[in-house]
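Comments concern the structure below.
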Amino acid sequence: MDKEEEAPQIPRRTRRSSTSSWASTSNDVSSVKVNSLEPQTINDLLVGGEPVSLDDLLSNFPGRNSQIREIVHLLGPLNTPMLPLFVYGGASTGKTSIILQLFRHLNRPLVYSSCRTCYNPRILFESILNQLHLHRRSAANGYSNAKRCERPSDFVNFLREALTNAINNLKEKSEKLMSSKTMRGGIGNMIYLVFDNFQLVREWDKSSTILPLLFNLYDMLKMPEVGLIFISNSSPDTFYSNMGYVEPIPVYFPDYVEADIRKILLRNQANPKLYSSFLDVSLRPFFRITRQINELSTAFKPLYEKYCEPLSDKSIVPNEDMKRRLFSHIMLHVSSSLNEIFKVSSLPLSKVESSKETTQKGTPRKLEHCEEVAKLDFHMSTSAKYLLISAFLASRNPATLDASLFDSKGGSDNRKRKRKPSEKVPEKKESLEEELLMKGPGSFPLERLLAIFQCIVSVADDPSDEEEQNGFGLGVEGACGDLMSDVLLQLSSLCNAKFIFKGRSCPIEGSTRYRSSISEDLALKVARSLKFPLSSYLYKRT
């Protein structure tokens, strides 16, 4: 036991650590530990690695100074009981990385479970119990778990037993380490349960049972040595329940601003000044589409290589004249890179000219329409355009008429909508238009938006009109599945661009409501760029 205690601490948990150099070093050491068949010790509950100071932590996460200090304050000194925490914010805002590196800085044990990899209650329960029992699944034990647990009641009993044993081991370990002074301070008696991607629990079959169970763990366990941390992309309002429990303390992570993203991208660059001049040109147009660091890094890698093509030495510090030449070289590639990376529908000039030639024999109206479409350039992906039209239809049309406006194939059922104009009240139309203007666009849930989106995209995938077959189709290059793949990402981008307003969650319905903020003229322009018949889907009051 003494040899195990004196062995250097090797981190087992570096799943989503920072992209800085000190995190990559710990990943290499961690892989050696995981691949070995040595029995696990209490050290495996520590994030471990080289010590990280608070100043290093703040510098490695720009724009997160207040969040890091707030979480440190809420965690408190060593062996301080704490209330549950609910860390939430958009994707790629540093929530998980900061939590893990904070525990690396504080040198405290935690049990980390992601609800993405643990995709049902049984896997989640058994993953937590395996870590607490210091159990590793391997060929030697037949890849079995420490405990077989399917029912929530069994999980609470097993969890209380495992936590008691783990806390006793921590107390013994802490006393020995403090006496021998083999570590920087003690590791304490507290143990923390971290639930990452917690918003995915709502999609489980038994979410109505599992969510109250996890939120009530603080009251059911009644163990001051246990801390609970929930990490979610959704706000705590979406988890409201009628069951009483101690509400977690919310900690919000806002989206990165442009200056913060610049600091993050400049880290670990061989020539920061050259890369900074590259960001001066490329960051702002990409920032309008996405703020996720991983997407920006992927998009900038080939573009930066193109930016450096005129240079024979990449270590040179560019002057103003060189920046102008590099800007002239890269400006033609930024737009094409936007179209390629984020699936922006933009026909090449040769295809546009060929389409014009094929329509010379058509009517002047068709030719004029094709030229108008060729001139339109919204710098918006195809899925985002359809999503914008779907939001406009959901705000404009009554929800009760969705079934009559769309048939079973996803198209517009014009037979059901045809009716004679009213002859009784000539001013009824004007009064209804005034009423619509006073009320403004209506709100709608996400489910209705996705349903309308799928309906109108299915129309684009199956053109039937003769005009569409002759080259005047909807112009969708991908299938329905390709458009649906990034719809949630595009929805977030449209909300950030203020095209769609995202309201608060309704406590009764438990879902977030949205509202379209674009005018009818803009919606028609977007529809014309896709050659989508928007007017046939608008509910006309008569």
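Residue numbers start at 1 in each chain; chains themselves are named A, B, ... in the order of the structure tokens; ligands are numbered from 1 in the order shown.
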Residues within 10 Å of A:Arg151, please, as number ranges by chain. Count only C-alpha atoms; anything in the same chain fewer than 6 positions from it doesn't count. A: 121-122, 125
Mind giving me the straight-line distance from atom CA of A:Ile229 to atom CA of A:Leu265 in Å, one decimal?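 For atom CA of A:Ile229 relative to atom CA of A:Leu265, the distance reads 28.6 Å.
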I'd like the contact shell of stretch 249-252 of chain A - 12 Å cut-off, only C-alpha atoms, skipping same-chain residues fewer than 3 positions apart - returned as a compact mmCIF listing (two decimals) with all heavy atoms, in the first residue's frame.
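What follows is the written file selection.txt:
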```txt
# COMPACT_ATOMS: atom_id res chain seq x y z
N ARG A 64 -13.68 33.96 -19.10
CA ARG A 64 -14.34 33.12 -18.09
C ARG A 64 -13.84 33.44 -16.68
O ARG A 64 -13.91 32.60 -15.79
CB ARG A 64 -14.12 31.64 -18.42
CG ARG A 64 -14.81 31.19 -19.69
CD ARG A 64 -16.30 31.20 -19.52
NE ARG A 64 -17.01 30.82 -20.73
CZ ARG A 64 -17.64 31.66 -21.52
NH1 ARG A 64 -17.62 32.97 -21.25
NH2 ARG A 64 -18.28 31.25 -22.59
N SER A 66 -15.02 35.59 -14.37
CA SER A 66 -16.07 35.65 -13.35
C SER A 66 -16.66 34.27 -13.08
O SER A 66 -16.95 33.93 -11.92
CB SER A 66 -17.18 36.60 -13.81
OG SER A 66 -17.75 36.17 -15.03
N GLN A 67 -16.82 33.43 -14.11
CA GLN A 67 -17.39 32.10 -13.89
C GLN A 67 -16.45 31.22 -13.07
O GLN A 67 -16.89 30.49 -12.17
CB GLN A 67 -17.69 31.42 -15.24
CG GLN A 67 -18.88 31.97 -15.97
CD GLN A 67 -18.59 33.26 -16.70
OE1 GLN A 67 -17.41 33.63 -16.88
NE2 GLN A 67 -19.63 33.97 -17.13
N ILE A 68 -15.14 31.28 -13.36
CA ILE A 68 -14.18 30.46 -12.62
C ILE A 68 -14.14 30.88 -11.16
O ILE A 68 -14.18 30.03 -10.25
CB ILE A 68 -12.79 30.57 -13.27
CG1 ILE A 68 -12.80 29.91 -14.65
CG2 ILE A 68 -11.73 29.94 -12.38
CD1 ILE A 68 -11.50 30.07 -15.42
N ARG A 69 -14.09 32.16 -10.91
CA ARG A 69 -14.04 32.64 -9.51
C ARG A 69 -15.34 32.33 -8.78
O ARG A 69 -15.32 32.02 -7.58
CB ARG A 69 -13.75 34.13 -9.50
CG ARG A 69 -12.37 34.49 -10.03
CD ARG A 69 -12.05 35.96 -9.85
NE ARG A 69 -10.76 36.31 -10.43
CZ ARG A 69 -9.59 36.14 -9.81
NH1 ARG A 69 -9.58 35.63 -8.58
NH2 ARG A 69 -8.45 36.48 -10.39
N GLU A 70 -16.46 32.40 -9.48
CA GLU A 70 -17.73 32.08 -8.83
C GLU A 70 -17.80 30.61 -8.44
O GLU A 70 -18.26 30.26 -7.34
CB GLU A 70 -18.89 32.43 -9.76
CG GLU A 70 -20.26 32.19 -9.14
CD GLU A 70 -21.40 32.55 -10.07
OE1 GLU A 70 -21.11 32.96 -11.22
OE2 GLU A 70 -22.57 32.43 -9.67
N ILE A 71 -17.36 29.72 -9.33
CA ILE A 71 -17.39 28.29 -9.01
C ILE A 71 -16.42 27.97 -7.87
O ILE A 71 -16.74 27.17 -6.98
CB ILE A 71 -17.06 27.46 -10.26
CG1 ILE A 71 -18.17 27.65 -11.31
CG2 ILE A 71 -16.93 25.99 -9.92
CD1 ILE A 71 -17.87 26.95 -12.62
N VAL A 72 -15.24 28.59 -7.87
CA VAL A 72 -14.30 28.37 -6.77
C VAL A 72 -14.91 28.83 -5.45
O VAL A 72 -14.77 28.16 -4.41
CB VAL A 72 -12.98 29.12 -7.05
CG1 VAL A 72 -12.08 29.11 -5.82
CG2 VAL A 72 -12.26 28.49 -8.24
N HIS A 73 -15.61 29.96 -5.48
CA HIS A 73 -16.27 30.45 -4.26
C HIS A 73 -17.37 29.50 -3.81
O HIS A 73 -17.53 29.25 -2.60
CB HIS A 73 -16.84 31.84 -4.52
CG HIS A 73 -17.67 32.38 -3.39
ND1 HIS A 73 -17.13 32.79 -2.18
CD2 HIS A 73 -19.02 32.56 -3.28
CE1 HIS A 73 -18.11 33.19 -1.39
NE2 HIS A 73 -19.25 33.06 -2.02
N LEU A 74 -18.15 28.95 -4.75
CA LEU A 74 -19.24 28.04 -4.39
C LEU A 74 -18.71 26.70 -3.89
O LEU A 74 -19.33 26.07 -3.02
CB LEU A 74 -20.17 27.84 -5.59
CG LEU A 74 -20.96 29.08 -6.03
CD1 LEU A 74 -21.72 28.80 -7.32
CD2 LEU A 74 -21.93 29.52 -4.93
N LEU A 75 -17.60 26.23 -4.45
CA LEU A 75 -17.02 24.98 -3.95
C LEU A 75 -16.46 25.15 -2.54
O LEU A 75 -16.51 24.22 -1.73
CB LEU A 75 -15.92 24.51 -4.90
CG LEU A 75 -16.36 24.03 -6.29
CD1 LEU A 75 -15.15 23.69 -7.14
CD2 LEU A 75 -17.29 22.84 -6.19
N MET A 82 -21.43 21.80 0.31
CA MET A 82 -21.89 22.71 -0.73
C MET A 82 -23.28 22.28 -1.21
O MET A 82 -23.67 21.11 -1.10
CB MET A 82 -20.94 22.71 -1.93
CG MET A 82 -20.73 21.33 -2.54
SD MET A 82 -19.90 21.34 -4.14
CE MET A 82 -21.19 21.97 -5.19
N LEU A 83 -24.02 23.26 -1.73
CA LEU A 83 -25.29 22.98 -2.38
C LEU A 83 -25.03 22.53 -3.82
O LEU A 83 -23.97 22.83 -4.39
CB LEU A 83 -26.18 24.22 -2.37
CG LEU A 83 -26.69 24.68 -1.00
CD1 LEU A 83 -27.42 26.01 -1.13
CD2 LEU A 83 -27.60 23.63 -0.39
N PRO A 84 -25.96 21.83 -4.43
CA PRO A 84 -25.76 21.40 -5.83
C PRO A 84 -25.58 22.60 -6.76
O PRO A 84 -26.18 23.65 -6.57
CB PRO A 84 -27.04 20.62 -6.16
CG PRO A 84 -27.57 20.19 -4.84
CD PRO A 84 -27.20 21.26 -3.86
N LEU A 85 -24.74 22.43 -7.77
CA LEU A 85 -24.49 23.46 -8.78
C LEU A 85 -25.09 23.04 -10.12
O LEU A 85 -25.09 21.84 -10.46
CB LEU A 85 -22.99 23.69 -8.97
CG LEU A 85 -22.18 24.19 -7.77
CD1 LEU A 85 -20.73 24.43 -8.18
CD2 LEU A 85 -22.78 25.45 -7.20
N PHE A 86 -25.59 24.02 -10.84
CA PHE A 86 -26.13 23.77 -12.18
C PHE A 86 -25.41 24.71 -13.13
O PHE A 86 -25.71 25.90 -13.22
CB PHE A 86 -27.64 24.02 -12.22
CG PHE A 86 -28.30 23.49 -13.46
CD1 PHE A 86 -28.88 22.24 -13.47
CD2 PHE A 86 -28.33 24.24 -14.62
CE1 PHE A 86 -29.49 21.74 -14.61
CE2 PHE A 86 -28.93 23.76 -15.77
CZ PHE A 86 -29.52 22.51 -15.76
N VAL A 87 -24.40 24.17 -13.84
CA VAL A 87 -23.60 24.94 -14.78
C VAL A 87 -24.22 24.79 -16.17
O VAL A 87 -24.35 23.67 -16.67
CB VAL A 87 -22.14 24.45 -14.78
CG1 VAL A 87 -21.30 25.26 -15.76
CG2 VAL A 87 -21.55 24.53 -13.38
N TYR A 88 -24.62 25.89 -16.78
CA TYR A 88 -25.30 25.80 -18.07
C TYR A 88 -24.82 26.91 -19.00
O TYR A 88 -24.28 27.94 -18.59
CB TYR A 88 -26.81 25.87 -17.89
CG TYR A 88 -27.36 27.21 -17.49
CD1 TYR A 88 -27.95 28.06 -18.42
CD2 TYR A 88 -27.30 27.66 -16.16
CE1 TYR A 88 -28.46 29.29 -18.05
CE2 TYR A 88 -27.80 28.88 -15.78
CZ TYR A 88 -28.38 29.70 -16.74
OH TYR A 88 -28.88 30.92 -16.37
N GLY A 89 -25.03 26.67 -20.28
CA GLY A 89 -24.61 27.60 -21.33
C GLY A 89 -24.63 26.89 -22.66
O GLY A 89 -24.88 25.67 -22.75
N GLY A 90 -24.37 27.61 -23.73
CA GLY A 90 -24.38 27.02 -25.06
C GLY A 90 -23.24 26.04 -25.27
O GLY A 90 -22.36 25.86 -24.42
N THR A 93 -18.71 26.39 -24.87
CA THR A 93 -18.47 27.59 -24.07
C THR A 93 -17.51 27.32 -22.91
O THR A 93 -17.32 28.20 -22.06
CB THR A 93 -19.78 28.14 -23.51
OG1 THR A 93 -20.52 27.10 -22.85
CG2 THR A 93 -20.64 28.72 -24.63
N GLY A 94 -16.92 26.12 -22.84
CA GLY A 94 -15.89 25.84 -21.85
C GLY A 94 -16.40 25.31 -20.52
O GLY A 94 -15.63 25.30 -19.55
N LYS A 95 -17.64 24.86 -20.44
CA LYS A 95 -18.20 24.42 -19.16
C LYS A 95 -17.46 23.20 -18.61
O LYS A 95 -16.95 23.23 -17.48
CB LYS A 95 -19.69 24.10 -19.33
CG LYS A 95 -20.53 25.24 -19.88
CD LYS A 95 -21.98 24.86 -20.00
CE LYS A 95 -22.21 23.75 -20.98
NZ LYS A 95 -21.84 24.11 -22.37
N ILE A 99 -14.64 22.94 -15.46
CA ILE A 99 -14.93 22.14 -14.26
C ILE A 99 -13.80 21.14 -14.00
O ILE A 99 -13.30 21.01 -12.87
CB ILE A 99 -16.28 21.41 -14.42
CG1 ILE A 99 -17.44 22.41 -14.36
CG2 ILE A 99 -16.45 20.35 -13.34
CD1 ILE A 99 -17.59 23.11 -13.03
N PHE A 215 -32.08 15.05 -9.15
CA PHE A 215 -32.17 16.32 -8.43
C PHE A 215 -32.40 16.11 -6.94
O PHE A 215 -32.04 16.97 -6.12
CB PHE A 215 -33.31 17.16 -9.01
CG PHE A 215 -32.94 17.91 -10.26
CD1 PHE A 215 -33.70 17.79 -11.41
CD2 PHE A 215 -31.82 18.73 -10.29
CE1 PHE A 215 -33.36 18.48 -12.56
CE2 PHE A 215 -31.47 19.42 -11.43
CZ PHE A 215 -32.24 19.29 -12.58
N LEU A 228 -22.77 17.76 -5.68
CA LEU A 228 -23.39 17.44 -6.96
C LEU A 228 -23.21 18.62 -7.92
O LEU A 228 -23.44 19.77 -7.56
CB LEU A 228 -24.89 17.16 -6.79
CG LEU A 228 -25.26 15.97 -5.90
CD1 LEU A 228 -26.77 15.90 -5.71
CD2 LEU A 228 -24.75 14.67 -6.50
N ILE A 229 -22.79 18.32 -9.15
CA ILE A 229 -22.60 19.33 -10.19
C ILE A 229 -23.26 18.83 -11.46
O ILE A 229 -22.92 17.76 -11.97
CB ILE A 229 -21.11 19.63 -10.43
CG1 ILE A 229 -20.44 20.13 -9.15
CG2 ILE A 229 -20.94 20.65 -11.55
CD1 ILE A 229 -18.94 20.37 -9.30
N PHE A 230 -24.19 19.61 -11.98
CA PHE A 230 -24.88 19.28 -13.23
C PHE A 230 -24.40 20.26 -14.31
O PHE A 230 -24.40 21.47 -14.10
CB PHE A 230 -26.40 19.40 -13.06
CG PHE A 230 -26.96 18.54 -11.97
CD1 PHE A 230 -27.22 19.08 -10.71
CD2 PHE A 230 -27.22 17.20 -12.18
CE1 PHE A 230 -27.74 18.30 -9.69
CE2 PHE A 230 -27.73 16.41 -11.16
CZ PHE A 230 -27.99 16.96 -9.91
N ILE A 231 -24.01 19.72 -15.46
CA ILE A 231 -23.54 20.53 -16.59
C ILE A 231 -24.52 20.31 -17.74
O ILE A 231 -24.75 19.17 -18.15
CB ILE A 231 -22.11 20.15 -17.01
CG1 ILE A 231 -21.15 20.25 -15.82
CG2 ILE A 231 -21.63 21.04 -18.15
CD1 ILE A 231 -19.74 19.79 -16.14
N SER A 232 -25.07 21.40 -18.26
CA SER A 232 -26.14 21.27 -19.25
C SER A 232 -26.04 22.40 -20.27
O SER A 232 -25.55 23.50 -19.98
CB SER A 232 -27.51 21.29 -18.57
OG SER A 232 -28.55 21.38 -19.51
N ASN A 233 -26.53 22.12 -21.49
CA ASN A 233 -26.69 23.16 -22.51
C ASN A 233 -28.00 23.91 -22.36
O ASN A 233 -28.17 24.96 -22.98
CB ASN A 233 -26.62 22.55 -23.91
CG ASN A 233 -25.23 22.06 -24.26
OD1 ASN A 233 -24.27 22.33 -23.55
ND2 ASN A 233 -25.11 21.32 -25.35
N SER A 234 -28.93 23.36 -21.59
CA SER A 234 -30.24 23.98 -21.39
C SER A 234 -30.26 24.68 -20.04
O SER A 234 -29.58 24.29 -19.10
CB SER A 234 -31.35 22.93 -21.46
OG SER A 234 -31.32 22.25 -22.69
N SER A 235 -31.10 25.70 -19.95
CA SER A 235 -31.23 26.46 -18.71
C SER A 235 -31.99 25.63 -17.67
O SER A 235 -32.72 24.70 -18.01
CB SER A 235 -31.97 27.77 -18.97
OG SER A 235 -33.30 27.52 -19.38
N PRO A 236 -31.86 25.97 -16.40
CA PRO A 236 -32.57 25.20 -15.36
C PRO A 236 -34.09 25.33 -15.47
O PRO A 236 -34.80 24.50 -14.89
CB PRO A 236 -32.04 25.79 -14.05
CG PRO A 236 -31.41 27.08 -14.41
CD PRO A 236 -30.95 26.96 -15.81
N ASP A 237 -34.59 26.34 -16.20
CA ASP A 237 -36.04 26.47 -16.35
C ASP A 237 -36.67 25.28 -17.05
O ASP A 237 -37.83 24.96 -16.83
CB ASP A 237 -36.38 27.75 -17.12
CG ASP A 237 -35.92 29.00 -16.39
OD1 ASP A 237 -35.69 28.90 -15.17
OD2 ASP A 237 -35.78 30.05 -17.03
N VAL A 246 -34.13 20.61 -3.36
CA VAL A 246 -33.26 21.78 -3.22
C VAL A 246 -32.80 22.20 -4.61
O VAL A 246 -32.12 21.44 -5.31
CB VAL A 246 -32.05 21.46 -2.31
CG1 VAL A 246 -31.12 22.65 -2.24
CG2 VAL A 246 -32.53 21.06 -0.92
N ASP A 255 -22.09 32.93 -24.40
CA ASP A 255 -21.28 32.68 -25.60
C ASP A 255 -20.05 33.58 -25.60
O ASP A 255 -20.07 34.69 -25.07
CB ASP A 255 -22.11 32.93 -26.86
CG ASP A 255 -23.20 31.89 -27.04
OD1 ASP A 255 -23.04 30.78 -26.52
OD2 ASP A 255 -24.21 32.21 -27.70
```
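Taking atom CA of A:Lys147 as the reference point, atom CA of A:Glu126 is found at 6.5 Å.
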Sel. of alpha helix (DSSP H) residues, stretch 114-344 of chain A, as a PyMOL selection string: chain A and resi 121-132+152-180+207-215+217-221+258-266+272-287+293-307+320-341
Rounded to one decimal place, report the atom CA of A:Val156-atom CA of A:Gln131 distance in Å.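 Atom CA of A:Gln131 lies at a distance of 15.2 Å from atom CA of A:Val156.
Distances here use only C-alpha atoms; by that measure, the residue among A:Leu134, A:Leu110, A:Leu311, A:Leu54 closest to A:Thr41 is A:Leu134.
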Could you give me, as a tab-separated table, a per-residue list for stretch 92-182 of chain A showing, wherever an atom lies at most 10 Å from an atom of stretch 191-206 of chain A, the closest pair of atoms and their distance in Å to one decimal, using only C-alpha atoms and sorting by chain then residue number from low to high?
```
residue	atom	partner	partner_atom	distance
A:Lys95	CA	A:Asp196	CA	9.2
A:Thr96	CA	A:Asp196	CA	7.2
A:Ile99	CA	A:Val194	CA	8.9
A:Leu100	CA	A:Val194	CA	9.5
A:Phe103	CA	A:Tyr192	CA	9.6
A:Arg108	CA	A:Ile191	CA	7.3
A:Pro109	CA	A:Ile191	CA	5.5
A:Leu110	CA	A:Tyr192	CA	4.5
A:Val111	CA	A:Leu193	CA	4.9
A:Tyr112	CA	A:Val194	CA	4.8
A:Ser113	CA	A:Phe195	CA	5.2
A:Ser114	CA	A:Asp196	CA	4.5
A:Cys115	CA	A:Asn197	CA	5.4
A:Arg116	CA	A:Asn197	CA	6.2
A:Thr117	CA	A:Asn197	CA	9.4
A:Cys118	CA	A:Val201	CA	9.7
A:Tyr119	CA	A:Trp204	CA	7.8
A:Asn120	CA	A:Trp204	CA	6.6
A:Pro121	CA	A:Lys206	CA	8.1
A:Leu124	CA	A:Phe195	CA	9.3
A:Ile128	CA	A:Leu193	CA	8.3
A:Leu132	CA	A:Ile191	CA	9.6
A:Leu163	CA	A:Ile191	CA	8.1
A:Ala166	CA	A:Ile191	CA	8.2
A:Ile167	CA	A:Ile191	CA	7.1
A:Leu170	CA	A:Ile191	CA	8.6
```
Output file for the selection above: N, CA and C atoms, as a compact mmCIF listing (two decimals), in the first residue's frame:
```txt
# COMPACT_ATOMS: atom_id res chain seq x y z
N LYS A 95 -17.64 24.86 -20.44
CA LYS A 95 -18.20 24.42 -19.16
C LYS A 95 -17.46 23.20 -18.61
N THR A 96 -17.42 22.14 -19.40
CA THR A 96 -16.81 20.90 -18.91
C THR A 96 -15.31 21.05 -18.70
N ILE A 99 -14.64 22.94 -15.46
CA ILE A 99 -14.93 22.14 -14.26
C ILE A 99 -13.80 21.14 -14.00
N LEU A 100 -13.37 20.43 -15.03
CA LEU A 100 -12.32 19.43 -14.85
C LEU A 100 -11.00 20.07 -14.44
N PHE A 103 -10.99 21.21 -10.80
CA PHE A 103 -10.70 20.12 -9.86
C PHE A 103 -9.25 19.68 -9.96
N ARG A 108 -9.04 17.78 -5.97
CA ARG A 108 -10.12 17.11 -5.24
C ARG A 108 -10.69 15.99 -6.09
N PRO A 109 -11.15 14.91 -5.46
CA PRO A 109 -11.67 13.75 -6.21
C PRO A 109 -13.07 14.02 -6.75
N LEU A 110 -13.35 13.46 -7.90
CA LEU A 110 -14.69 13.59 -8.48
C LEU A 110 -15.00 12.34 -9.29
N VAL A 111 -16.27 12.11 -9.48
CA VAL A 111 -16.78 11.02 -10.32
C VAL A 111 -17.49 11.67 -11.49
N TYR A 112 -16.90 11.55 -12.67
CA TYR A 112 -17.42 12.21 -13.87
C TYR A 112 -18.21 11.22 -14.71
N SER A 113 -19.41 11.61 -15.10
CA SER A 113 -20.26 10.78 -15.97
C SER A 113 -20.90 11.68 -17.01
N SER A 114 -20.78 11.31 -18.26
CA SER A 114 -21.41 12.05 -19.34
C SER A 114 -22.69 11.34 -19.76
N CYS A 115 -23.79 12.07 -19.79
CA CYS A 115 -25.06 11.49 -20.21
C CYS A 115 -25.13 11.28 -21.71
N ARG A 116 -24.06 11.62 -22.42
CA ARG A 116 -23.99 11.31 -23.85
C ARG A 116 -23.48 9.90 -24.06
N THR A 117 -22.42 9.54 -23.37
CA THR A 117 -21.91 8.17 -23.46
C THR A 117 -22.72 7.22 -22.59
N CYS A 118 -23.17 7.68 -21.45
CA CYS A 118 -24.07 6.90 -20.60
C CYS A 118 -25.50 7.26 -21.01
N TYR A 119 -25.98 6.61 -22.06
CA TYR A 119 -27.19 7.06 -22.76
C TYR A 119 -28.48 6.45 -22.21
N ASN A 120 -28.43 5.73 -21.11
CA ASN A 120 -29.66 5.27 -20.46
C ASN A 120 -29.40 5.15 -18.96
N PRO A 121 -30.43 5.04 -18.14
CA PRO A 121 -30.23 5.04 -16.68
C PRO A 121 -29.31 3.94 -16.19
N LEU A 124 -25.68 4.76 -16.82
CA LEU A 124 -25.27 5.86 -15.95
C LEU A 124 -25.05 5.37 -14.52
N ILE A 128 -21.23 5.21 -12.56
CA ILE A 128 -20.91 5.89 -11.30
C ILE A 128 -20.44 4.90 -10.26
N LEU A 132 -16.74 4.60 -8.21
CA LEU A 132 -16.66 4.67 -6.75
C LEU A 132 -16.05 3.41 -6.15
N LEU A 163 -20.44 5.42 -1.67
CA LEU A 163 -19.93 6.71 -1.22
C LEU A 163 -19.36 6.62 0.18
N ALA A 166 -15.98 5.03 -0.13
CA ALA A 166 -15.03 5.92 -0.78
C ALA A 166 -14.62 7.07 0.14
N ILE A 167 -15.56 7.61 0.89
CA ILE A 167 -15.25 8.71 1.80
C ILE A 167 -14.33 8.24 2.93
N LEU A 170 -10.97 8.06 1.52
CA LEU A 170 -10.41 9.40 1.36
C LEU A 170 -9.89 9.95 2.69
```
Just the residues within 9 Å of A:Gly442, please, counting only C-alpha atoms, with nothing from its chain fewer than 4 positions along; format it as a list in words. Ala394, Ser395, Arg396, Asn397, Pro398, Tyr514, Arg515 and Ser516 of chain A
Residues from the last selection, C-alpha atoms, saved as a short mmCIF file (atom, residue, chain, number, x, y, z; two decimals), in the first residue's frame:
```cif
data_model
loop_
_atom_site.label_atom_id
_atom_site.label_comp_id
_atom_site.auth_asym_id
_atom_site.auth_seq_id
_atom_site.Cartn_x
_atom_site.Cartn_y
_atom_site.Cartn_z
CA ALA A 394 -44.92 29.11 -37.77
CA SER A 395 -45.23 32.72 -36.59
CA ARG A 396 -47.56 33.79 -39.39
CA ASN A 397 -49.94 30.81 -39.63
CA PRO A 398 -52.23 29.54 -36.84
CA TYR A 514 -39.48 30.95 -30.49
CA ARG A 515 -40.75 33.81 -32.64
CA SER A 516 -39.77 34.94 -36.12
#
```
Rank A:Pro441, A:Gly63, A:Pro533, A:Pro51 by their smallest atom-to-atom distance to A:Ser519, using only C-alpha atoms, and report the top residue only.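 For A:Ser519, the nearest of the candidates is A:Pro441.
With only C-alpha atoms as the atoms that count, the minimum distance from A:Ile210 to the choices A:Ser153, A:Lys502, A:Ile187, A:Ala497 is reached by A:Ser153.
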